>>> print(open('final26.cif').read())   # mmCIF, C-alpha atoms
data_final
loop_
_atom_site.group_PDB
_atom_site.id
_atom_site.type_symbol
_atom_site.label_atom_id
_atom_site.label_comp_id
_atom_site.auth_asym_id
_atom_site.auth_seq_id
_atom_site.Cartn_x
_atom_site.Cartn_y
_atom_site.Cartn_z
ATOM 1 C CA MET N 902 99.091 95.608 155.998
ATOM 2 C CA PRO N 903 97.587 92.845 158.113
ATOM 3 C CA ALA N 904 97.674 93.268 161.852
ATOM 4 C CA GLU N 905 99.556 89.987 162.356
ATOM 5 C CA SER N 906 102.562 91.164 160.356
ATOM 6 C CA GLU N 907 102.751 94.401 162.312
ATOM 7 C CA PHE N 908 102.597 92.782 165.704
ATOM 8 C CA PRO N 909 106.169 91.432 165.990
ATOM 9 C CA MET N 910 107.693 94.905 165.378
ATOM 10 C CA ASN N 911 105.911 96.177 168.468
ATOM 11 C CA THR N 912 107.339 93.488 170.734
ATOM 12 C CA HIS N 913 110.716 92.724 172.284
ATOM 13 C CA PRO N 914 112.071 96.300 172.241
ATOM 14 C CA TYR N 915 114.997 95.369 174.478
ATOM 15 C CA LEU N 916 116.042 92.557 172.148
ATOM 16 C CA ARG N 917 115.972 95.009 169.247
ATOM 17 C CA ALA N 918 117.962 97.512 171.312
ATOM 18 C CA TYR N 919 120.570 94.846 172.050
ATOM 19 C CA LEU N 920 120.826 93.900 168.372
ATOM 20 C CA ALA N 921 121.156 97.544 167.334
ATOM 21 C CA GLY N 922 123.902 97.981 169.924
ATOM 22 C CA VAL N 923 125.967 94.950 168.936
ATOM 23 C CA PHE N 924 125.703 95.732 165.214
ATOM 24 C CA LEU N 925 128.780 97.940 164.836
ATOM 25 C CA PRO N 926 131.267 95.969 166.972
ATOM 26 C CA THR N 927 130.125 92.749 165.294
ATOM 27 C CA LEU N 928 130.627 94.338 161.894
ATOM 28 C CA ILE N 929 134.084 95.687 162.749
ATOM 29 C CA LEU N 930 135.369 92.573 164.520
ATOM 30 C CA PRO N 931 136.092 90.387 161.434
ATOM 31 C CA LEU N 932 137.813 93.330 159.748
ATOM 32 C CA LEU N 933 139.861 93.903 162.869
ATOM 33 C CA LEU N 934 140.746 90.240 163.041
ATOM 34 C CA ALA N 935 141.772 90.212 159.383
ATOM 35 C CA ALA N 936 143.894 93.330 159.886
ATOM 36 C CA PHE N 937 145.640 91.833 162.909
ATOM 37 C CA ILE N 938 146.303 88.533 161.119
ATOM 38 C CA VAL N 939 147.706 90.287 158.042
ATOM 39 C CA THR N 940 149.859 92.494 160.263
ATOM 40 C CA ARG N 941 151.239 89.522 162.117
ATOM 41 C CA ILE N 942 151.595 86.902 159.388
ATOM 42 C CA VAL N 943 152.351 89.042 156.343
ATOM 43 C CA LEU N 944 154.188 91.956 157.913
ATOM 44 C CA LYS N 945 155.695 89.784 160.694
ATOM 45 C CA VAL N 946 154.910 92.315 163.413
ATOM 46 C CA PRO N 947 155.008 90.436 166.749
ATOM 47 C CA ILE N 948 151.579 91.442 168.039
ATOM 48 C CA PRO N 949 150.034 89.201 170.729
ATOM 49 C CA ILE N 950 146.893 88.758 168.664
ATOM 50 C CA GLU N 951 145.253 86.039 170.763
ATOM 51 C CA GLN N 952 145.333 88.127 173.913
ATOM 52 C CA ALA N 953 144.494 91.354 172.105
ATOM 53 C CA MET N 954 141.310 89.926 170.593
ATOM 54 C CA ILE N 955 139.744 88.755 173.865
ATOM 55 C CA PHE N 956 138.379 92.137 174.950
ATOM 56 C CA PRO N 957 137.021 93.223 171.519
ATOM 57 C CA MET N 958 135.466 89.789 170.973
ATOM 58 C CA ALA N 959 134.042 88.956 174.375
ATOM 59 C CA VAL N 960 133.278 92.254 176.066
ATOM 60 C CA VAL N 961 132.811 95.116 173.616
ATOM 61 C CA PRO N 962 129.803 93.816 171.608
ATOM 62 C CA SER N 963 127.930 92.783 174.748
ATOM 63 C CA LEU N 964 128.666 96.111 176.407
ATOM 64 C CA PHE N 965 127.377 98.006 173.360
ATOM 65 C CA GLY N 966 124.177 95.933 173.347
ATOM 66 C CA LEU N 967 123.594 96.273 177.070
ATOM 67 C CA TRP N 968 124.365 100.001 176.941
ATOM 68 C CA ASN N 969 121.754 100.482 174.227
ATOM 69 C CA MET N 970 119.250 98.482 176.281
ATOM 70 C CA LEU N 971 120.040 100.750 179.223
ATOM 71 C CA TRP N 972 119.434 103.805 177.045
ATOM 72 C CA LEU N 973 116.058 102.422 175.979
ATOM 73 C CA GLY N 974 115.098 101.663 179.572
ATOM 74 C CA SER N 975 116.266 104.980 181.005
ATOM 75 C CA HIS N 976 115.342 107.314 178.136
ATOM 76 C CA GLU N 977 111.833 108.014 179.460
ATOM 77 C CA LEU N 978 113.362 109.090 182.756
ATOM 78 C CA THR N 979 116.561 110.879 181.723
ATOM 79 C CA HIS N 980 115.738 112.156 178.202
ATOM 80 C CA LEU N 981 119.493 111.906 177.539
ATOM 81 C CA PRO N 982 120.345 112.098 173.816
ATOM 82 C CA ILE N 983 121.799 108.842 172.552
ATOM 83 C CA GLY N 984 125.067 110.507 171.514
ATOM 84 C CA LEU N 985 125.745 111.698 175.046
ATOM 85 C CA HIS N 986 124.653 108.357 176.451
ATOM 86 C CA GLY N 987 127.204 106.659 174.182
ATOM 87 C CA ALA N 988 129.897 109.162 175.159
ATOM 88 C CA ILE N 989 129.589 107.979 178.772
ATOM 89 C CA LEU N 990 130.502 104.415 177.788
ATOM 90 C CA PRO N 991 134.298 105.021 177.537
ATOM 91 C CA LEU N 992 134.250 105.986 181.216
ATOM 92 C CA ILE N 993 133.422 102.340 181.917
ATOM 93 C CA MET N 994 135.167 100.676 179.009
ATOM 94 C CA ALA N 995 138.525 102.444 179.274
ATOM 95 C CA PRO N 996 139.445 101.188 182.768
ATOM 96 C CA VAL N 997 137.926 97.732 182.155
ATOM 97 C CA GLY N 998 139.742 97.385 178.826
ATOM 98 C CA ALA N 999 143.006 98.621 180.321
ATOM 99 C CA LEU N 1000 142.674 96.186 183.216
ATOM 100 C CA VAL N 1001 142.020 93.236 180.890
ATOM 101 C CA ALA N 1002 144.869 94.345 178.607
ATOM 102 C CA THR N 1003 147.277 94.637 181.543
ATOM 103 C CA CYS N 1004 146.341 91.185 182.837
ATOM 104 C CA LEU N 1005 146.865 89.704 179.369
ATOM 105 C CA HIS N 1006 150.174 91.578 178.820
ATOM 106 C CA VAL N 1007 148.693 93.537 175.903
ATOM 107 C CA LEU N 1008 149.241 96.802 177.792
ATOM 108 C CA GLU N 1009 152.459 97.567 179.641
ATOM 109 C CA PHE N 1010 153.280 100.589 181.736
ATOM 110 C CA GLY N 1011 156.790 102.012 181.322
ATOM 111 C CA SER N 1012 158.579 105.192 182.315
ATOM 112 C CA PRO N 1013 157.967 107.189 179.090
ATOM 113 C CA GLY N 1014 154.411 105.962 178.575
ATOM 114 C CA VAL N 1015 152.219 102.956 177.957
ATOM 115 C CA THR N 1016 152.906 100.327 175.298
ATOM 116 C CA TRP N 1017 149.961 98.675 173.586
ATOM 117 C CA PHE N 1018 150.305 95.362 171.728
ATOM 118 C CA GLN N 1019 154.083 95.444 172.416
ATOM 119 C CA ALA N 1020 154.300 97.852 169.481
ATOM 120 C CA CYS N 1021 152.318 101.102 169.948
ATOM 121 C CA GLN N 1022 153.809 103.546 172.428
ATOM 122 C CA VAL N 1023 151.590 106.288 173.807
ATOM 123 C CA PRO N 1024 153.273 108.861 176.089
ATOM 124 C CA TYR N 1025 151.533 109.595 179.383
ATOM 125 C CA ALA N 1026 150.955 113.194 178.304
ATOM 126 C CA LEU N 1027 148.815 111.985 175.405
ATOM 127 C CA ILE N 1028 146.561 109.654 177.392
ATOM 128 C CA ALA N 1029 144.137 112.432 178.314
ATOM 129 C CA PRO N 1030 143.825 113.675 174.682
ATOM 130 C CA CYS N 1031 143.371 110.031 173.603
ATOM 131 C CA PHE N 1032 140.572 109.657 176.109
ATOM 132 C CA LEU N 1033 138.920 112.854 174.866
ATOM 133 C CA ALA N 1034 139.203 111.563 171.302
ATOM 134 C CA ALA N 1035 137.535 108.323 172.422
ATOM 135 C CA LEU N 1036 134.676 110.318 173.962
ATOM 136 C CA VAL N 1037 134.228 112.211 170.686
ATOM 137 C CA ALA N 1038 134.377 109.032 168.608
ATOM 138 C CA TYR N 1039 131.851 107.272 170.796
ATOM 139 C CA TYR N 1040 129.565 110.320 170.729
ATOM 140 C CA LEU N 1041 129.570 110.307 166.920
ATOM 141 C CA ILE N 1042 129.205 106.526 166.636
ATOM 142 C CA TRP N 1043 126.269 106.402 169.003
ATOM 143 C CA LYS N 1044 124.556 109.452 167.580
ATOM 144 C CA TYR N 1045 124.844 108.541 163.921
ATOM 145 C CA ILE N 1046 125.149 104.749 163.752
ATOM 146 C CA VAL N 1047 123.427 103.272 166.794
ATOM 147 C CA GLY N 1048 120.847 106.070 166.736
ATOM 148 C CA SER N 1049 120.051 105.365 163.084
ATOM 149 C CA LEU N 1050 119.697 101.649 163.776
ATOM 150 C CA ASN N 1051 117.394 102.400 166.683
ATOM 151 C CA ARG N 1052 115.192 104.437 164.368
ATOM 152 C CA VAL N 1053 115.207 101.699 161.715
ATOM 153 C CA LEU N 1054 114.222 99.151 164.346
ATOM 154 C CA GLU N 1055 111.544 101.554 165.648
ATOM 155 C CA ILE N 1056 112.825 101.858 169.179
ATOM 156 C CA ALA N 1057 113.828 105.524 169.018
ATOM 157 C CA MET M 298 68.396 83.034 187.653
ATOM 158 C CA ASN M 299 64.627 83.583 187.766
ATOM 159 C CA GLU M 300 62.559 85.997 185.700
ATOM 160 C CA HIS M 301 62.736 88.726 188.329
ATOM 161 C CA ASP M 302 66.520 88.601 188.376
ATOM 162 C CA GLU M 303 66.640 88.729 184.607
ATOM 163 C CA ASP M 304 64.464 91.851 184.538
ATOM 164 C CA ARG M 305 66.606 93.447 187.214
ATOM 165 C CA MET M 306 69.795 92.601 185.297
ATOM 166 C CA LYS M 307 68.276 94.020 182.133
ATOM 167 C CA LYS M 308 67.418 97.294 183.871
ATOM 168 C CA LEU M 309 70.873 97.540 185.407
ATOM 169 C CA LEU M 310 72.523 96.971 182.043
ATOM 170 C CA GLN M 311 70.305 99.568 180.400
ATOM 171 C CA GLN M 312 71.230 102.064 183.101
ATOM 172 C CA ALA M 313 74.933 101.306 182.835
ATOM 173 C CA LEU M 314 75.260 101.435 179.053
ATOM 174 C CA PRO M 315 74.620 104.748 177.296
ATOM 175 C CA PRO M 316 71.782 104.613 174.787
ATOM 176 C CA VAL M 317 72.840 104.386 171.129
ATOM 177 C CA GLU M 318 72.002 107.634 169.417
ATOM 178 C CA ALA M 319 69.817 107.760 166.376
ATOM 179 C CA GLU M 320 72.796 108.724 164.177
ATOM 180 C CA PRO M 321 75.887 106.729 165.247
ATOM 181 C CA GLU M 322 78.090 108.000 162.356
ATOM 182 C CA PRO M 323 81.067 110.205 163.334
ATOM 183 C CA ALA M 324 80.863 113.889 162.544
ATOM 184 C CA ARG M 325 83.596 113.627 159.869
ATOM 185 C CA ASP M 326 85.172 110.978 157.660
ATOM 186 C CA LEU M 327 87.949 109.314 159.678
ATOM 187 C CA TRP M 328 89.394 107.239 156.840
ATOM 188 C CA PRO M 329 91.734 109.962 155.389
ATOM 189 C CA ALA M 330 93.243 110.490 158.842
ATOM 190 C CA MET M 331 93.720 106.739 159.179
ATOM 191 C CA LEU M 332 95.443 106.628 155.783
ATOM 192 C CA ARG M 333 97.733 109.486 156.810
ATOM 193 C CA ARG M 334 98.732 107.594 159.956
ATOM 194 C CA LEU M 335 99.421 104.419 157.995
ATOM 195 C CA ASP M 336 101.501 106.346 155.457
ATOM 196 C CA ALA M 337 103.475 108.067 158.204
ATOM 197 C CA LYS M 338 104.195 104.738 159.852
ATOM 198 C CA GLN M 339 105.373 103.143 156.627
ATOM 199 C CA ALA M 340 107.510 106.092 155.564
ATOM 200 C CA ALA M 341 111.281 105.697 155.776
ATOM 201 C CA PRO M 342 113.047 107.279 158.746
ATOM 202 C CA ALA M 343 114.012 110.899 158.219
ATOM 203 C CA PRO M 344 117.547 111.329 156.859
ATOM 204 C CA ILE M 345 120.153 112.494 159.308
ATOM 205 C CA PHE M 346 121.913 115.760 158.636
ATOM 206 C CA TRP M 347 125.331 116.450 160.079
ATOM 207 C CA SER M 348 125.552 119.546 162.191
ATOM 208 C CA TRP M 349 128.631 121.751 161.774
ATOM 209 C CA PHE M 350 129.607 120.892 165.352
ATOM 210 C CA ASP M 351 129.617 117.142 164.676
ATOM 211 C CA ALA M 352 131.476 117.649 161.398
ATOM 212 C CA ALA M 353 134.101 119.681 163.289
ATOM 213 C CA LEU M 354 134.400 116.910 165.879
ATOM 214 C CA LEU M 355 134.918 114.335 163.130
ATOM 215 C CA ALA M 356 137.547 116.525 161.463
ATOM 216 C CA GLY M 357 139.319 116.952 164.814
ATOM 217 C CA LEU M 358 139.256 113.210 165.316
ATOM 218 C CA ALA M 359 140.788 112.636 161.872
ATOM 219 C CA VAL M 360 143.539 115.191 162.562
ATOM 220 C CA PHE M 361 144.231 113.539 165.921
ATOM 221 C CA ALA M 362 144.530 110.112 164.265
ATOM 222 C CA ILE M 363 146.915 111.511 161.644
ATOM 223 C CA PHE M 364 149.164 113.109 164.261
ATOM 224 C CA LEU M 365 149.030 110.100 166.605
ATOM 225 C CA PRO M 366 148.602 106.969 164.476
ATOM 226 C CA ALA M 367 149.413 104.764 167.487
ATOM 227 C CA SER M 368 145.981 105.690 168.822
ATOM 228 C CA ILE M 369 144.197 103.945 165.915
ATOM 229 C CA PRO M 370 144.806 100.305 166.992
ATOM 230 C CA VAL M 371 144.118 101.285 170.594
ATOM 231 C CA PHE M 372 140.804 102.790 169.538
ATOM 232 C CA LEU M 373 139.980 99.701 167.463
ATOM 233 C CA TYR M 374 140.707 97.593 170.544
ATOM 234 C CA TYR M 375 137.781 99.386 172.208
ATOM 235 C CA LEU M 376 135.443 98.851 169.259
#
>>> encode(input="final26.cif", output="structure tokens")
Amino acid sequence: MPAESEFPMNTHPYLRAYLAGVFLPTLILPLLLAAFIVTRIVLKVPIPIEQAMIFPMAVVPSLFGLWNMLWLGSHELTHLPIGLHGAILPLIMAPVGALVATCLHVLEFGSPGVTWFQACQVPYALIAPCFLAALVAYYLIWKYIVGSLNRVLEIA
Amino acid sequence: MNEHDEDRMKKLLQQALPPVEAEPEPARDLWPAMLRRLDAKQAAPAPIFWSWFDAALLAGLAVFAIFLPASIPVFLYYL
């Protein structure tokens, strides 16, 4: 293999980390959009789709990319496994997402619990288990998907 | 630079650089080791094996989603 063709793979590690991070949300987003549109237009469920898509479209992919860049930058110092690093992300994303959702009337707080998308009711007692489930999901996603992409892109 | 300076520079360089030995070949053939390194670099990443702990976590997550389906769109909102 000539040296010139090898050279680009050894450069821009943070760009590769960003791309590996945004991969999954970018892949899921069109599917999510299609599911929401079908739910609203075909099944006539009154979901505020425009407001609901702002956070997954504008914030989540960038946060995933930046979080992976942070892992790459801090890994030498912390030696934190990527799964655990990813499991920390909901601690930031949950309040930010809830704040954005509340401002956009996607999330409403009532007496029995919270209502997402004017359709999904989650009792207050189940918020903590939901958060734990999110930690688990993020741990698995980051360990097995983002971690694999990092290895493919030779940054892990 | 006059001739005296040139001689002085030559002596300084000779002192600074180690003399080339009579037999500059390495003690062993380095090419097989180089090939091994190239092969290792080109090899595909090692496959990932699920640990029982991670499989249990995934199963727990699936059970949670079945018992609380309202959590699925909320989770997708964060993905």
>>> interface_residues(input="final26.cif", of="chain N", to="chain M", cutoff="6 Å", atoms="all atoms listed in the file", output="list in words")
Pro926, Pro957 and Cys1021 of chain N
>>> atom_distance(input="final26.cif", atom1="CA of Ser1049 (chain N)", atom2="CA of Asp336 (chain M)")
20.1 Å
>>> closest_residue(input="final26.cif", among="N:Pro982, N:Pro1030, N:Gly1011, N:Gly966", to="Leu916 (chain N)", atoms="only C-alpha atoms")
N:Gly966
>>> residues_around(input="final26.cif", residues="region 1042-1045 of chain N", least_positions_apart="3", cutoff="8 Å", atoms="only C-alpha atoms", output="short mmCIF file (atom, residue, chain, number, x, y, z; two decimals) with C-alpha atoms, keeping the file's coordinate frame")
data_model
loop_
_atom_site.label_atom_id
_atom_site.label_comp_id
_atom_site.auth_asym_id
_atom_site.auth_seq_id
_atom_site.Cartn_x
_atom_site.Cartn_y
_atom_site.Cartn_z
CA PRO N 982 120.34 112.10 173.82
CA ILE N 983 121.80 108.84 172.55
CA GLY N 984 125.07 110.51 171.51
CA LEU N 985 125.74 111.70 175.05
CA HIS N 986 124.65 108.36 176.45
CA GLY N 987 127.20 106.66 174.18
CA ALA N 988 129.90 109.16 175.16
CA ALA N 1038 134.38 109.03 168.61
CA TYR N 1039 131.85 107.27 170.80
CA GLY N 1048 120.85 106.07 166.74
CA SER N 1049 120.05 105.36 163.08
CA ILE M 345 120.15 112.49 159.31
#
>>> atom_distance(input="final26.cif", atom1="CA of Val1047 (chain N)", atom2="CA of Trp968 (chain N)")
10.7 Å
>>> residues_around(input="final26.cif", residues="Ala959 (chain N)", least_positions_apart="3", cutoff="12 Å", atoms="only C-alpha atoms", output="count of residues only")
18
>>> axis_aligned_box(input="final26.cif", around="region 977-991 of chain N", padding_each_side="5 Å", output="AutoDock Vina command-line options")
--center_x 123.1 --center_y 108.3 --center_z 177.1 --size_x 32.5 --size_y 17.7 --size_z 21.2
>>> resolve_selection(input="final26.cif", expression="the PyMOL selection byres ((chain N and resi 917) around 12)", output="PDB file with C-alpha atoms, in the coordinates of the input")
ATOM      1  CA  PRO N 909     106.169  91.432 165.990  1.00  0.00           C
ATOM      2  CA  MET N 910     107.693  94.905 165.378  1.00  0.00           C
ATOM      3  CA  ASN N 911     105.911  96.177 168.468  1.00  0.00           C
ATOM      4  CA  THR N 912     107.339  93.488 170.734  1.00  0.00           C
ATOM      5  CA  HIS N 913     110.716  92.724 172.284  1.00  0.00           C
ATOM      6  CA  PRO N 914     112.071  96.300 172.241  1.00  0.00           C
ATOM      7  CA  TYR N 915     114.997  95.369 174.478  1.00  0.00           C
ATOM      8  CA  LEU N 916     116.042  92.557 172.148  1.00  0.00           C
ATOM      9  CA  ALA N 918     117.962  97.512 171.312  1.00  0.00           C
ATOM     10  CA  TYR N 919     120.570  94.846 172.050  1.00  0.00           C
ATOM     11  CA  LEU N 920     120.826  93.900 168.372  1.00  0.00           C
ATOM     12  CA  ALA N 921     121.156  97.544 167.334  1.00  0.00           C
ATOM     13  CA  GLY N 922     123.902  97.981 169.924  1.00  0.00           C
ATOM     14  CA  VAL N 923     125.967  94.950 168.936  1.00  0.00           C
ATOM     15  CA  PHE N 924     125.703  95.732 165.214  1.00  0.00           C
ATOM     16  CA  GLY N 966     124.177  95.933 173.347  1.00  0.00           C
ATOM     17  CA  LEU N 967     123.594  96.273 177.070  1.00  0.00           C
ATOM     18  CA  ASN N 969     121.754 100.482 174.227  1.00  0.00           C
ATOM     19  CA  MET N 970     119.250  98.482 176.281  1.00  0.00           C
ATOM     20  CA  LEU N 973     116.058 102.422 175.979  1.00  0.00           C
ATOM     21  CA  VAL N1047     123.427 103.272 166.794  1.00  0.00           C
ATOM     22  CA  LEU N1050     119.697 101.649 163.776  1.00  0.00           C
ATOM     23  CA  ASN N1051     117.394 102.400 166.683  1.00  0.00           C
ATOM     24  CA  ARG N1052     115.192 104.437 164.368  1.00  0.00           C
ATOM     25  CA  VAL N1053     115.207 101.699 161.715  1.00  0.00           C
ATOM     26  CA  LEU N1054     114.222  99.151 164.346  1.00  0.00           C
ATOM     27  CA  GLU N1055     111.544 101.554 165.648  1.00  0.00           C
ATOM     28  CA  ILE N1056     112.825 101.858 169.179  1.00  0.00           C
ATOM     29  CA  ALA N1057     113.828 105.524 169.018  1.00  0.00           C
TER      30      ALA N1057
END
>>> build_atoms(input="final26.cif", residues="region 310-336 of chain M", atoms="N, CA and C atoms", output="PDB file, in the frame of the given file")
ATOM      1  N   LEU M 310      71.716  96.828 183.258  1.00  0.00           N
ATOM      2  CA  LEU M 310      72.523  96.971 182.043  1.00  0.00           C
ATOM      3  C   LEU M 310      72.106  98.187 181.242  1.00  0.00           C
ATOM      4  N   GLN M 311      70.801  98.404 181.151  1.00  0.00           N
ATOM      5  CA  GLN M 311      70.305  99.568 180.400  1.00  0.00           C
ATOM      6  C   GLN M 311      70.734 100.873 181.058  1.00  0.00           C
ATOM      7  N   GLN M 312      70.797 100.849 182.395  1.00  0.00           N
ATOM      8  CA  GLN M 312      71.230 102.064 183.101  1.00  0.00           C
ATOM      9  C   GLN M 312      72.738 102.294 182.907  1.00  0.00           C
ATOM     10  N   ALA M 313      73.473 101.182 182.911  1.00  0.00           N
ATOM     11  CA  ALA M 313      74.933 101.306 182.835  1.00  0.00           C
ATOM     12  C   ALA M 313      75.410 101.705 181.448  1.00  0.00           C
ATOM     13  N   LEU M 314      74.811 101.153 180.415  1.00  0.00           N
ATOM     14  CA  LEU M 314      75.260 101.435 179.053  1.00  0.00           C
ATOM     15  C   LEU M 314      74.548 102.657 178.495  1.00  0.00           C
ATOM     16  N   PRO M 315      75.290 103.578 177.878  1.00  0.00           N
ATOM     17  CA  PRO M 315      74.620 104.748 177.296  1.00  0.00           C
ATOM     18  C   PRO M 315      73.771 104.325 176.101  1.00  0.00           C
ATOM     19  N   PRO M 316      72.640 104.974 175.922  1.00  0.00           N
ATOM     20  CA  PRO M 316      71.782 104.613 174.787  1.00  0.00           C
ATOM     21  C   PRO M 316      72.466 104.968 173.462  1.00  0.00           C
ATOM     22  N   VAL M 317      72.287 104.121 172.462  1.00  0.00           N
ATOM     23  CA  VAL M 317      72.840 104.386 171.129  1.00  0.00           C
ATOM     24  C   VAL M 317      72.008 105.472 170.477  1.00  0.00           C
ATOM     25  N   GLU M 318      72.740 106.508 169.999  1.00  0.00           N
ATOM     26  CA  GLU M 318      72.002 107.634 169.417  1.00  0.00           C
ATOM     27  C   GLU M 318      71.410 107.249 168.063  1.00  0.00           C
ATOM     28  N   ALA M 319      70.522 108.065 167.627  1.00  0.00           N
ATOM     29  CA  ALA M 319      69.817 107.760 166.376  1.00  0.00           C
ATOM     30  C   ALA M 319      70.794 107.750 165.198  1.00  0.00           C
ATOM     31  N   GLU M 320      71.850 108.633 165.283  1.00  0.00           N
ATOM     32  CA  GLU M 320      72.796 108.724 164.177  1.00  0.00           C
ATOM     33  C   GLU M 320      74.205 108.384 164.689  1.00  0.00           C
ATOM     34  N   PRO M 321      74.604 107.115 164.654  1.00  0.00           N
ATOM     35  CA  PRO M 321      75.887 106.729 165.247  1.00  0.00           C
ATOM     36  C   PRO M 321      77.106 107.067 164.388  1.00  0.00           C
ATOM     37  N   GLU M 322      76.956 107.647 163.226  1.00  0.00           N
ATOM     38  CA  GLU M 322      78.090 108.000 162.356  1.00  0.00           C
ATOM     39  C   GLU M 322      78.913 109.117 162.995  1.00  0.00           C
ATOM     40  N   PRO M 323      80.257 109.089 162.824  1.00  0.00           N
ATOM     41  CA  PRO M 323      81.067 110.205 163.334  1.00  0.00           C
ATOM     42  C   PRO M 323      80.789 111.484 162.542  1.00  0.00           C
ATOM     43  N   ALA M 324      81.157 112.596 163.149  1.00  0.00           N
ATOM     44  CA  ALA M 324      80.863 113.889 162.544  1.00  0.00           C
ATOM     45  C   ALA M 324      81.617 114.080 161.224  1.00  0.00           C
ATOM     46  N   ARG M 325      82.820 113.474 161.101  1.00  0.00           N
ATOM     47  CA  ARG M 325      83.596 113.627 159.869  1.00  0.00           C
ATOM     48  C   ARG M 325      84.124 112.264 159.439  1.00  0.00           C
ATOM     49  N   ASP M 326      84.633 112.222 158.205  1.00  0.00           N
ATOM     50  CA  ASP M 326      85.172 110.978 157.660  1.00  0.00           C
ATOM     51  C   ASP M 326      86.555 110.720 158.286  1.00  0.00           C
ATOM     52  N   LEU M 327      86.692 109.613 158.973  1.00  0.00           N
ATOM     53  CA  LEU M 327      87.949 109.314 159.678  1.00  0.00           C
ATOM     54  C   LEU M 327      88.953 108.558 158.814  1.00  0.00           C
ATOM     55  N   TRP M 328      88.519 108.074 157.663  1.00  0.00           N
ATOM     56  CA  TRP M 328      89.394 107.239 156.840  1.00  0.00           C
ATOM     57  C   TRP M 328      90.635 107.991 156.320  1.00  0.00           C
ATOM     58  N   PRO M 329      90.514 109.254 155.827  1.00  0.00           N
ATOM     59  CA  PRO M 329      91.734 109.962 155.389  1.00  0.00           C
ATOM     60  C   PRO M 329      92.764 110.105 156.512  1.00  0.00           C
ATOM     61  N   ALA M 330      92.308 110.364 157.720  1.00  0.00           N
ATOM     62  CA  ALA M 330      93.243 110.490 158.842  1.00  0.00           C
ATOM     63  C   ALA M 330      93.922 109.152 159.120  1.00  0.00           C
ATOM     64  N   MET M 331      93.151 108.085 158.977  1.00  0.00           N
ATOM     65  CA  MET M 331      93.720 106.739 159.179  1.00  0.00           C
ATOM     66  C   MET M 331      94.781 106.445 158.119  1.00  0.00           C
ATOM     67  N   LEU M 332      94.480 106.832 156.874  1.00  0.00           N
ATOM     68  CA  LEU M 332      95.443 106.628 155.783  1.00  0.00           C
ATOM     69  C   LEU M 332      96.720 107.418 156.035  1.00  0.00           C
ATOM     70  N   ARG M 333      96.555 108.658 156.520  1.00  0.00           N
ATOM     71  CA  ARG M 333      97.733 109.486 156.810  1.00  0.00           C
ATOM     72  C   ARG M 333      98.609 108.819 157.880  1.00  0.00           C
ATOM     73  N   ARG M 334      97.975 108.254 158.891  1.00  0.00           N
ATOM     74  CA  ARG M 334      98.732 107.594 159.956  1.00  0.00           C
ATOM     75  C   ARG M 334      99.461 106.367 159.428  1.00  0.00           C
ATOM     76  N   LEU M 335      98.784 105.612 158.574  1.00  0.00           N
ATOM     77  CA  LEU M 335      99.421 104.419 157.995  1.00  0.00           C
ATOM     78  C   LEU M 335     100.600 104.812 157.116  1.00  0.00           C
ATOM     79  N   ASP M 336     100.417 105.878 156.329  1.00  0.00           N
ATOM     80  CA  ASP M 336     101.501 106.346 155.457  1.00  0.00           C
ATOM     81  C   ASP M 336     102.686 106.820 156.285  1.00  0.00           C
TER      82      ASP M 336
END
